[in-house]
Every structure is written in structure tokens, then in C-alpha cells.
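J.: Once you've had a glance at the structure underneath, I'll fire off some questions.
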Amino acid sequence: MKTVYLCQSADNIKDVYGTEAKVYDKEYLLGNREEFKDTEYVFSTWGMPVFTEEEIKEYLPSLKAVFYGAGSVQSFARPFLNLGIKIFSAWAANAVPVAEYTVAQIVLANKGFFKTMRYNNIKQAKSMTQNYTGNYGIKVGIIGAGMIGKLVLQKLKDYDVDVMVFDPFLSDETAKELGAKKTDLESLFAECSVISNHLANNEQTKGMLNGKLFEKMLPYSTFLNTGRGAQVVEPELISILKLRPDITAILDVTAPEPPKEGSELFTLENCILTPHIAGSIGNEVRRMGEYMTAEYRNFIQNKPCQYEVTLRMLETMA
């Protein structure tokens with residue numbers, strides 16, 4: 001049995017069962033075919049190379065499973081899955097910091113933090129707080145109830161807020177169990193003080209969040225995006241932000257990422273850009289490695305695994 005680490009960097013990769021933590025990139029693999037012919041397990045993370053089915057069959061003929069210590073596997077998983085090779089992802093571990101970040105931003109947004117922080121005059125800042133409701137008895141909108149969206153909904157149970165959720169795949173019963181009420185996008189944007197996007201990243205969701213929705217936002221409400229930038233029609237969002245200086249957009253993701261030089265997203269006072277920090281950073285990365293180590297241990301011992309990704313799941317996953 002041979003295990004290798006395949007990605008672009010050795011950062012945050014640890015030994016598994018005493019194996020050497022040497023990291024290989026695709027160029028090395030393609031140039032050293034014999035070295036990998038017996039490889040049964042691959043551990044990887046951000047920077048996972050993309051392989052065709054033909055390359056996998058030729059250079060990794062013994063491969064049984066890939067353990068991906070990060071979130072989305074959309075960019076590389078299908079060729080492996082088409083060949084019957086198992087894919088496991090630490091998306092559940094990566095959902096934890098995203099949900100924590102999201103709930104923190106929701107709480108701050110409802111307190112007027114992002115608007116008042118721009119004032120150097122404390123009296124003016126204090127006056128601005130009159131436009132905000134705080135976090136009691138208000139409506140919060142969650143778009144998408146996948147792994148991250150569900151975790152956000154669970155965490156919001158600790159707050160006295162009414163939660164609305166949009167997700168065509170979520171049953172009314174499950175929504176109720178999560179403490180939320182299902183609704184349509186138009187109602188969600190029109191009624192909620194904070195709207196947070198957690199849609200899966202696929203062709204169906206590209207451009208789903210457009211100007212017609214943003215113009216429905218309540219006075220002094222906030223749009224938060226930790227999903228994907230491609231789901232937002234950014235020129236239309238920019239237009240609404242210019243027309244509506246009362247509302248705020250907090251964008252942890254954009255398309256492209258970062259925005260192109262000269263983009264108005266950099267200069268609009270009611271747009272706050274964070275550098276894709278909602279996901280795992282620093283010590284949080286260790287959690288993803290621990291999830292995949294445990295998953296690997298279960299797999300080789302023929303025990304049930306929790307985080308396998310299938311072709312069908314890719315249709316709705318981020």
C-alpha cells in the first residue's frame with residue numbers, strides 16, 4: 001500500500017500513520033510514472049491538480065481513494081468518480097469556520113457596526129445606530145441550506161431572530177426542524193435585515209442574485225456573500241449600492257477573485273471586501289486534516305465513512 005500527498009504546497013500537511021509528508025505536483029507525477037503505479041491513496045488539499053480519466057488510468061492505475069483536506073471538489077472530482085475511485089472531502093470541517101464567520105457578520109450587521117465604523121465622529125456614529133434594529137425579533141435570510149447553510153441555521157437558533165430560508169431542495173419539515181421558514185428569493189430580500197448567500201456553485205446558480213433582488217432590500221439592510229462570486233451579477237449589485245448608500249454588501253468572494261483592478265467594489269463606501277477568510281485559515285486548517293485522517297482510518301478498516309462525495313452530490317454541492 002502506498003500513500004502520497006498530491007497538491008501544490010506542503011503547507012499544513014502532516015504525516016498520516018508515519019508516512020513521509022513529501023508533496024508531489026502533477027508535473028513530477030507525469031515524469032515519474034513507475035514511482036506511482038502502486039499508489040492506492042492520495043491525500044490532497046487546495047491546489048489539487050486536475051487529471052483526465054486517461055491520465056488517472058495511466059499514472060495512478062492502483063488508486064482507490066482521494067482524501068481532500070479542503071472543501072469543494074468540483075474542479076477535479078468527476079474523472080476520479082467516473083472511474084470508481086472514492087472521493088472524500090473535509091467540506092464539513094470547512095463549513096464550521098464559514099458558519100462562525102457568517103453568524104458573526106449577521107450579529108454585527110444588525111448592530112450597525114459596518115456603517116458606524118466609518119465615522120470618525122462618535123456623535124455622528126451614535127446617531128446612525130438609530131437606523132438599526134439590533135438582533136431581537138428581526139428577520140434573517142439564508143440562501144442555500146447545504147452543509148454550511150444548515151450549520152448557520154443551527155447556530156442562529158441561539159438568537160431571538162426569525163429565519164427565512166430559500167432552498168428548493170429543502171423540505172418544509174427539515175426547515176422547521178432547523179428553526180426556519182421556507183420562502184422565495186423575492187420575499188427573502190424584501191423582508192430580511194441581513195441576507196446571507198450559501199448557494200451551491202454550479203451553472204444553475206450563476207447570476208441568480210441580480211439587481212431586481214438587491215433593489216428590494218430593506219433600508220439599512222446587509223447582503224453577505226460567502227458562497228461564490230459568480231452567483232451575483234456584480235455590475236447590477238454595484239449599481240444598486242451606488243443608488244442605495246444605506247445598504248451594505250459584505251463580500252468574502254467575488255468574480256473574479258480578487259476583483260479586477262479599478263473595480264468600484266474597492267471604492268464604494270457601502271461595500272466591504274474580505275479576502276476569502278470565511279473558510280479555514282490558520283489553526284482551523286488542522287480540523288480539515290483531522291477529519292480526513294479519521295475518514296482514512298475508517299475506510300481502510302472497512303468502517304462507515306461520513307464524508308464521501310458522489311457524482312449525484314456534485315449536482316447540488318458548492
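Naming works like this for the C-alpha cells: A, B, ... for the chains as they're shown, residue 1 at the start of each chain, ligands 1 onward in shown order.
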For Leu185 (chain A), list every protein, DNA or RNA residue within 9 Å, evaluated using only C-alpha atoms, and leave out those in the same chain fewer than 6 positions away; present the list as a VMD selection string.
T.: chain A and resid 143 165 to 166 209 213
J.: Would you list the contacts of Ser75 (chain A) as number ranges by chain, taking every protein, DNA or RNA residue within 10 Å and counting only C-alpha atoms, but skipping same-chain residues closer than 3 positions in sequence?
T.: A: 48-51, 72, 78-79
J.: Rank nothing, just name the residue among A:Gly144, A:Ser263, A:Ala125, A:Leu151 nearest to Phe169 (chain A), using only C-alpha atoms.
T.: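 Smallest distance to Phe169 (chain A) is found for A:Gly144.
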J.: Which polymer residues have any atom within 9 Å of an atom of Leu153 (chain A), counting only C-alpha atoms, with same-chain residues fewer than 5 positions away left out, as a VMD selection string?
T.: chain A and resid 99 142 145 148 163 165 175 178 to 180
J.: So the first atom is CA of Lys303 (chain A) and the second is CA of Tyr291 (chain A); what is the distance between them in Å, to one decimal place?
T.: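 Interatomic distance, CA of Lys303 (chain A) to CA of Tyr291 (chain A): 14.5 Å.
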J.: Show me, as a PyMOL selection string, the residues that have an atom within 6 Å of region 227-234 of chain A when counting only C-alpha atoms, minus same-chain residues fewer than 5 positions from it.
T.: chain A and resi 197-199+205-210+253-255
J.: What are the DSSP helix (DSSP H, G or I) residues of region 63-297 of chain A, as a VMD selection string?
T.: chain A and resid 77 to 82 91 to 110 113 to 116 122 to 131 147 to 156 172 to 177 185 to 191 211 to 214 229 to 231 234 to 243 264 to 266 284 to 297
J.: Please save C-alpha atoms of the selected residues as a JSON list (two decimals), in the first residue's frame.
T.:
[["chain", "number", "residue", "atom", "x", "y", "z"],
["A", 77, "ALA", "CA", -13.55, 15.07, -8.73],
["A", 78, "ARG", "CA", -15.55, 13.88, -11.76],
["A", 79, "PRO", "CA", -12.80, 11.98, -13.64],
["A", 80, "PHE", "CA", -11.93, 10.06, -10.46],
["A", 81, "LEU", "CA", -15.57, 9.30, -9.68],
["A", 82, "ASN", "CA", -16.23, 8.19, -13.25],
["A", 91, "TRP", "CA", -16.27, 20.08, 3.44],
["A", 92, "ALA", "CA", -17.99, 19.53, 6.79],
["A", 93, "ALA", "CA", -14.90, 20.74, 8.65],
["A", 94, "ASN", "CA", -14.60, 23.75, 6.35],
["A", 95, "ALA", "CA", -18.27, 24.57, 6.98],
["A", 96, "VAL", "CA", -17.56, 25.27, 10.65],
["A", 97, "PRO", "CA", -15.49, 28.47, 10.27],
["A", 98, "VAL", "CA", -17.72, 29.71, 7.43],
["A", 99, "ALA", "CA", -20.78, 29.36, 9.64],
["A", 100, "GLU", "CA", -18.97, 31.05, 12.54],
["A", 101, "TYR", "CA", -17.89, 33.93, 10.29],
["A", 102, "THR", "CA", -21.41, 34.26, 8.89],
["A", 103, "VAL", "CA", -23.17, 34.42, 12.24],
["A", 104, "ALA", "CA", -20.61, 36.94, 13.50],
["A", 105, "GLN", "CA", -21.24, 39.20, 10.50],
["A", 106, "ILE", "CA", -25.01, 38.90, 10.90],
["A", 107, "VAL", "CA", -24.80, 39.99, 14.53],
["A", 108, "LEU", "CA", -22.52, 42.91, 13.73],
["A", 109, "ALA", "CA", -24.59, 43.99, 10.73],
["A", 110, "ASN", "CA", -27.79, 44.21, 12.78],
["A", 113, "PHE", "CA", -21.26, 48.02, 13.00],
["A", 114, "PHE", "CA", -20.26, 48.24, 9.35],
["A", 115, "LYS", "CA", -21.92, 51.60, 8.81],
["A", 116, "THR", "CA", -20.87, 53.25, 12.06],
["A", 122, "ILE", "CA", -18.65, 59.41, 17.66],
["A", 123, "LYS", "CA", -21.79, 61.57, 17.85],
["A", 124, "GLN", "CA", -22.48, 61.01, 14.15],
["A", 125, "ALA", "CA", -21.84, 57.29, 14.53],
["A", 126, "LYS", "CA", -24.19, 57.13, 17.51],
["A", 127, "SER", "CA", -26.87, 58.91, 15.51],
["A", 128, "MET", "CA", -26.54, 56.33, 12.71],
["A", 129, "THR", "CA", -27.34, 53.48, 15.13],
["A", 130, "GLN", "CA", -30.95, 54.71, 15.23],
["A", 131, "ASN", "CA", -31.39, 53.13, 11.81],
["A", 147, "MET", "CA", -23.77, 21.83, 4.76],
["A", 148, "ILE", "CA", -22.83, 25.45, 5.54],
["A", 149, "GLY", "CA", -26.34, 26.87, 5.32],
["A", 150, "LYS", "CA", -27.69, 24.23, 7.70],
["A", 151, "LEU", "CA", -24.92, 24.90, 10.20],
["A", 152, "VAL", "CA", -25.68, 28.64, 10.06],
["A", 153, "LEU", "CA", -29.36, 27.87, 10.68],
["A", 154, "GLN", "CA", -28.45, 25.71, 13.67],
["A", 155, "LYS", "CA", -26.24, 28.42, 15.16],
["A", 156, "LEU", "CA", -28.93, 31.06, 14.67],
["A", 172, "ASP", "CA", -40.68, 22.17, 4.86],
["A", 173, "GLU", "CA", -40.23, 19.64, 7.65],
["A", 174, "THR", "CA", -36.43, 19.96, 7.70],
["A", 175, "ALA", "CA", -36.69, 23.75, 7.56],
["A", 176, "LYS", "CA", -38.96, 23.68, 10.58],
["A", 177, "GLU", "CA", -36.54, 21.42, 12.45],
["A", 185, "LEU", "CA", -36.00, 34.78, -3.05],
["A", 186, "GLU", "CA", -38.07, 37.90, -3.64],
["A", 187, "SER", "CA", -39.72, 37.72, -0.22],
["A", 188, "LEU", "CA", -36.42, 36.94, 1.46],
["A", 189, "PHE", "CA", -34.72, 40.02, 0.01],
["A", 190, "ALA", "CA", -37.73, 42.23, 0.73],
["A", 191, "GLU", "CA", -38.22, 41.23, 4.36],
["A", 211, "GLY", "CA", -30.28, 43.78, -9.37],
["A", 212, "LYS", "CA", -34.02, 43.13, -9.18],
["A", 213, "LEU", "CA", -33.44, 41.30, -5.91],
["A", 214, "PHE", "CA", -30.96, 43.79, -4.47],
["A", 229, "GLY", "CA", -18.93, 35.49, -6.60],
["A", 230, "ALA", "CA", -20.35, 34.07, -9.82],
["A", 231, "GLN", "CA", -23.77, 33.78, -8.22],
["A", 234, "GLU", "CA", -21.83, 42.21, -9.78],
["A", 235, "PRO", "CA", -22.45, 45.14, -12.17],
["A", 236, "GLU", "CA", -26.08, 45.19, -11.02],
["A", 237, "LEU", "CA", -25.06, 44.94, -7.37],
["A", 238, "ILE", "CA", -22.67, 47.86, -7.86],
["A", 239, "SER", "CA", -25.45, 49.94, -9.44],
["A", 240, "ILE", "CA", -27.78, 49.29, -6.52],
["A", 241, "LEU", "CA", -25.05, 50.06, -3.97],
["A", 242, "LYS", "CA", -24.47, 53.41, -5.67],
["A", 243, "LEU", "CA", -28.20, 54.18, -5.66],
["A", 264, "GLU", "CA", -15.83, 50.04, -8.00],
["A", 265, "LEU", "CA", -16.14, 47.32, -5.37],
["A", 266, "PHE", "CA", -12.85, 48.67, -3.99],
["A", 284, "GLU", "CA", -8.62, 25.94, 11.51],
["A", 285, "VAL", "CA", -6.89, 24.10, 8.67],
["A", 286, "ARG", "CA", -5.85, 21.40, 11.15],
["A", 287, "ARG", "CA", -9.50, 20.50, 11.66],
["A", 288, "MET", "CA", -9.81, 19.54, 7.99],
["A", 289, "GLY", "CA", -6.73, 17.35, 8.16],
["A", 290, "GLU", "CA", -8.08, 15.64, 11.27],
["A", 291, "TYR", "CA", -11.40, 14.93, 9.52],
["A", 292, "MET", "CA", -9.63, 13.28, 6.59],
["A", 293, "THR", "CA", -7.27, 11.32, 8.82],
["A", 294, "ALA", "CA", -10.27, 9.90, 10.65],
["A", 295, "GLU", "CA", -12.02, 9.19, 7.36],
["A", 296, "TYR", "CA", -8.95, 7.37, 6.03],
["A", 297, "ARG", "CA", -8.76, 5.29, 9.19]]
J.: Could you pull out all residues of region 27-109 of chain A with a DSSP call of strand (DSSP E) and give them as JSON, numbers by chain?
T.: {"A": [39, 40, 41, 42, 43, 44, 65, 66, 67, 68, 86, 87, 88, 89]}
J.: Select, from A:Pro61, A:Pro256, A:Gly71, A:Gly137, the residue with the minimum atom-to-atom distance to Ala200 (chain A), counting only C-alpha atoms.
T.: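 Of A:Pro61, A:Pro256, A:Gly71, A:Gly137, the one nearest Ala200 (chain A) is A:Gly71, counting only C-alpha atoms.
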J.: For CA of Gln306 (chain A) and CA of Phe43 (chain A), quote the distance in Å rounded to one decimal.
T.: 16.6 Å
J.: Find the residues around Pro219 (chain A) up to 9 Å (only C-alpha atoms counted), leave out those fewer than 3 positions away in its own chain, and share them as a list in words.
T.: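 Everything that qualifies: Asn131, Ser193, Arg244, Asp246 and Ile247 of chain A.
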